[in-house]
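These notes concern the structure reproduced below.
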Amino acid sequence: MRVHLPAFLLLYLLSCNSAKERTEKVLALREMNELATVEYSVTKIIRANDDQTWYKIGDRKILMSCRATLRAGINFSKLDASSIRIDGDEIDVTLPRATLQSVNLRPEDIKVEYQEVGLLRTEFDAAERDALMTRGEAQIRAGVPELGILNTAESNASLFVGNFLRQLGYKKVNVNFSDGPQVPKLK
Amino acid sequence: MKIKGMFRSARTIIILVITLVLVVIILRKTDLIPSLSDIFSARPVRLEETPMVVREIHELAQLVTMSAQDEVVADSVRISTKDIIAHMLPIPNGIINPDKLVIVGRGRVVAGMDLKAMKEEDVHVYKDSVAIRLPKASILEVVMNPSDFNTFSEVGAWSPEAVTLVKLKARDILVKRALDRGLLQKAQARGELLMKNFLNTAGFKKVSIQY
């Protein structure tokens, strides 16, 4: 038994280190029909700490900054024959309301500006920093309606479609938006 | 006499222990003192509400025609002092793990045509016919947000900059896989089809598209 114990220990340690299986999902292609008309670049500071208890010795706080790009536009797939009315050199187009098309926080645009971790506290690891940024991302998504990005997207869409149709020879172009509230599309 | 004194001190100790246990139980019940697990476990991190500041606004005219959704794995291995020591000493492989970071990332590569690049001379109209020169399809955006990343394995201390490099590696893999699957060709073909349909709906019988 005394002889076998180190061998068992070694086997156990080796088994703990066995290569973990990696899985990758198959790439999925999706057809789209959207016109992106505006991109907002926003910045946000992420401030987090967990030093709120008396029995934890030392601070543990982090300050991160990030730049996010938000894109909005209109979904052309909702456009059909009934959305366009032509009368000679006059055209009326009814576009669908603008939606938020993407929120993008590029990895290189996320920076740890400052962190303070007491001697007896654990450092923030990659998973924890990502979890914090995920919550920051949720705060950015929640703040989208206040930015007025959808209004800008509709103005730009109206301008672009109007100019394009004038280029095609229409003398009078009317661009309207369908009824219904602007709804920020989530992912 | 001596035995009586011993009994008395033992009784005092027992009373003290019981009192102490009761006090601890009461304080625990009222959350005035933490449990053992609370002392050693990490506290939930509190995120403060901070304002969002708009830095720039860009006008776009991008026709998004295809997107590729994918999940990729990127890793990085770093040789540290402990690995060199392990290599020099007769320690079997696998006992000391090298510093390693494995990240799983989901993302979306969006492709289409940047119609802002079109000029006035790219559109020619004659009666019910139109000839249009479209820009070639390109990658318009690659979306990989913090919520799309998952740290599968993290051995050793990795700086935020080192983690970012692994994430950028994941993004490069994502883009390469999308391009290998013909994303741009498909985006261009679909863009052509969508533009033809739109121009037909806008009243043109003959539509010619060039690049």
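Identifiers in the structure tokens: chain A, B, ... in order shown; residue index from 1 per chain; ligand index from 1 in order shown.
Neighbours of Leu174 of chain B closer than or equal to 9 Å, with only C-alpha atoms counted and sequence neighbours fewer than 2 positions away skipped, come out as Ala68, Gln69, Asp70, Glu71, Val72, Gly105, Arg106, Gly107, Arg108, Val109, Val142, Lys169, Ala170, Arg171, Asp172, Lys176, Arg177, Ala178 and Leu179 of chain B.
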Can I get the selection written as a compact mmCIF listing (two decimals), in the first residue's frame, with C-alpha atoms?
```txt
# COMPACT_ATOMS: atom_id res chain seq x y z
CA ALA B 68 -22.19 35.29 -39.90
CA GLN B 69 -22.69 34.13 -36.32
CA ASP B 70 -19.98 31.93 -34.88
CA GLU B 71 -18.27 30.66 -31.76
CA VAL B 72 -14.50 30.35 -31.61
CA GLY B 105 -15.94 33.92 -27.85
CA ARG B 106 -19.23 34.27 -29.70
CA GLY B 107 -19.52 36.92 -32.33
CA ARG B 108 -21.15 38.28 -35.43
CA VAL B 109 -19.49 39.43 -38.65
CA VAL B 142 -17.51 42.66 -36.20
CA LYS B 169 -6.98 36.66 -31.71
CA ALA B 170 -10.49 35.20 -31.26
CA ARG B 171 -11.91 38.04 -33.38
CA ASP B 172 -9.37 37.37 -36.16
CA LYS B 176 -11.26 34.37 -41.10
CA ARG B 177 -13.86 31.62 -40.70
CA ALA B 178 -16.59 33.90 -42.03
CA LEU B 179 -14.48 34.88 -45.04
```
Problem set entry | Residue list (helix (DSSP H, G or I), DSSP) for segment 1-210 of chain B, as an MDAnalysis selection string | chainID B and resid 2:29 36:40 81:88 115:117 120:122 146:148 160:180 183:201
For this session: Just need the residues of chain B within 6 Å of chain A, counting only C-alpha atoms, so spit them out as a PyMOL selection string.
Result: chain B and resi 43+45-48+52-72+94+143+145-147+151+164
Write the selection just made, keeping N, CA and C atoms, as a compact mmCIF listing (two decimals), in the first residue's frame?
```txt
# COMPACT_ATOMS: atom_id res chain seq x y z
N ARG B 43 -16.83 38.81 -2.05
CA ARG B 43 -18.09 39.52 -1.92
C ARG B 43 -18.61 39.88 -3.31
N VAL B 45 -19.46 42.03 -6.30
CA VAL B 45 -18.91 43.34 -6.65
C VAL B 45 -20.04 44.29 -7.00
N ARG B 46 -20.00 45.48 -6.42
CA ARG B 46 -21.05 46.48 -6.62
C ARG B 46 -20.64 47.41 -7.75
N LEU B 47 -21.52 47.54 -8.72
CA LEU B 47 -21.23 48.40 -9.87
C LEU B 47 -22.00 49.71 -9.69
N GLU B 48 -21.27 50.80 -9.79
CA GLU B 48 -21.93 52.09 -9.62
C GLU B 48 -22.53 52.58 -10.93
N MET B 52 -23.29 58.01 -19.41
CA MET B 52 -22.75 57.63 -20.72
C MET B 52 -22.58 58.93 -21.52
N VAL B 53 -21.43 59.11 -22.12
CA VAL B 53 -21.17 60.37 -22.83
C VAL B 53 -21.05 60.10 -24.33
N VAL B 54 -21.83 60.85 -25.13
CA VAL B 54 -21.75 60.69 -26.58
C VAL B 54 -20.54 61.45 -27.09
N ARG B 55 -19.62 60.77 -27.73
CA ARG B 55 -18.38 61.39 -28.23
C ARG B 55 -18.50 61.81 -29.70
N GLU B 56 -19.02 60.91 -30.51
CA GLU B 56 -19.11 61.19 -31.95
C GLU B 56 -20.41 60.64 -32.52
N ILE B 57 -20.88 61.30 -33.57
CA ILE B 57 -22.04 60.79 -34.31
C ILE B 57 -21.66 60.74 -35.78
N HIS B 58 -21.75 59.56 -36.38
CA HIS B 58 -21.41 59.40 -37.79
C HIS B 58 -22.65 59.05 -38.59
N GLU B 59 -22.79 59.73 -39.71
CA GLU B 59 -23.89 59.40 -40.61
C GLU B 59 -23.45 58.22 -41.46
N LEU B 60 -24.31 57.22 -41.57
CA LEU B 60 -23.96 56.03 -42.35
C LEU B 60 -24.99 55.82 -43.45
N ALA B 61 -24.58 55.02 -44.43
CA ALA B 61 -25.54 54.54 -45.44
C ALA B 61 -25.03 53.16 -45.86
N GLN B 62 -25.17 52.23 -44.93
CA GLN B 62 -24.63 50.88 -45.17
C GLN B 62 -25.77 49.88 -45.34
N LEU B 63 -25.73 49.22 -46.48
CA LEU B 63 -26.74 48.19 -46.73
C LEU B 63 -26.20 46.86 -46.20
N VAL B 64 -26.76 46.42 -45.10
CA VAL B 64 -26.31 45.18 -44.45
C VAL B 64 -27.06 44.02 -45.11
N THR B 65 -26.31 43.10 -45.72
CA THR B 65 -26.99 42.04 -46.47
C THR B 65 -26.76 40.63 -45.92
N MET B 66 -25.65 40.43 -45.20
CA MET B 66 -25.39 39.10 -44.64
C MET B 66 -24.71 39.24 -43.28
N SER B 67 -24.96 38.27 -42.41
CA SER B 67 -24.19 38.23 -41.16
C SER B 67 -23.82 36.79 -40.87
N ALA B 68 -22.67 36.63 -40.26
CA ALA B 68 -22.19 35.29 -39.90
C ALA B 68 -22.03 35.22 -38.39
N GLN B 69 -22.74 34.30 -37.79
CA GLN B 69 -22.69 34.13 -36.32
C GLN B 69 -21.81 32.92 -36.04
N ASP B 70 -20.90 33.04 -35.11
CA ASP B 70 -19.98 31.93 -34.88
C ASP B 70 -19.46 31.92 -33.45
N GLU B 71 -18.89 30.79 -33.08
CA GLU B 71 -18.27 30.66 -31.76
C GLU B 71 -16.87 30.11 -31.95
N VAL B 72 -15.89 30.77 -31.40
CA VAL B 72 -14.50 30.35 -31.61
C VAL B 72 -13.75 30.25 -30.29
N GLY B 94 3.00 17.85 -16.48
CA GLY B 94 1.61 17.90 -16.01
C GLY B 94 1.48 18.22 -14.54
N VAL B 143 -18.94 42.21 -34.31
CA VAL B 143 -19.46 42.44 -32.96
C VAL B 143 -19.05 41.30 -32.03
N ASN B 145 -18.87 41.37 -27.98
CA ASN B 145 -19.02 42.16 -26.75
C ASN B 145 -18.49 41.40 -25.54
N PRO B 146 -18.28 42.09 -24.41
CA PRO B 146 -17.82 41.39 -23.20
C PRO B 146 -18.74 40.22 -22.82
N SER B 147 -20.05 40.40 -23.05
CA SER B 147 -20.99 39.32 -22.70
C SER B 147 -20.85 38.11 -23.62
N THR B 151 -14.38 32.90 -20.15
CA THR B 151 -13.04 32.39 -19.84
C THR B 151 -13.16 30.92 -19.48
N THR B 164 -6.75 41.06 -23.63
CA THR B 164 -7.25 41.74 -24.84
C THR B 164 -6.63 41.13 -26.09
```
For this session: Enumerate the residues of segment 99-198 of chain B with a DSSP assignment of strand (DSSP E or B), computed from the backbone, and present them as a ChimeraX atom specification.
Result: /B:99-114,123-126,129-133,138-143,149-155
Exercise. Do you know which residues are at most 6 Å from Gly118 of chain A counting only C-alpha atoms, after dropping those on the same chain fewer than 2 positions away, and could you put them as a PyMOL selection string?
Worked result: chain A and resi 58-59+120-121
Quick one: residues within 7 Å of Val166 of chain B, only C-alpha atoms, excluding same-chain residues fewer than 6 positions away - as a PDB file with N, CA, C and O atoms, in the first residue's frame?
```
ATOM      1  N   ALA B  74      -9.870  30.805 -28.568  1.00  0.00           N
ATOM      2  CA  ALA B  74      -8.522  31.345 -28.724  1.00  0.00           C
ATOM      3  C   ALA B  74      -7.772  31.133 -27.423  1.00  0.00           C
ATOM      4  O   ALA B  74      -8.372  31.212 -26.339  1.00  0.00           O
ATOM      5  N   ASP B  75      -6.495  30.827 -27.523  1.00  0.00           N
ATOM      6  CA  ASP B  75      -5.731  30.614 -26.293  1.00  0.00           C
ATOM      7  C   ASP B  75      -4.337  31.220 -26.382  1.00  0.00           C
ATOM      8  O   ASP B  75      -3.894  31.635 -27.450  1.00  0.00           O
ATOM      9  N   SER B  76      -3.701  31.263 -25.254  1.00  0.00           N
ATOM     10  CA  SER B  76      -2.334  31.760 -25.186  1.00  0.00           C
ATOM     11  C   SER B  76      -1.628  31.037 -24.049  1.00  0.00           C
ATOM     12  O   SER B  76      -2.212  30.822 -22.984  1.00  0.00           O
TER      13      SER B  76
END
```
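Atom CA of Ile173 of chain B lies 20.1 Å from atom CA of Pro160 of chain B.
Rounded to one decimal, atom CA of Ile18 of chain B and atom CA of Lys4 of chain B lie 21.1 Å from each other.
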Exercise. In Å, with one decimal, what is the gap from atom CA of Ala189 of chain B to atom CA of Ser208 of chain B?
Worked result: 13.6 Å
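Proximity to Ala137 of chain B was assessed for B:Ile79, B:Ala157, B:Leu184, B:Ile26 counting only C-alpha atoms; the smallest distance is recorded for B:Leu184.
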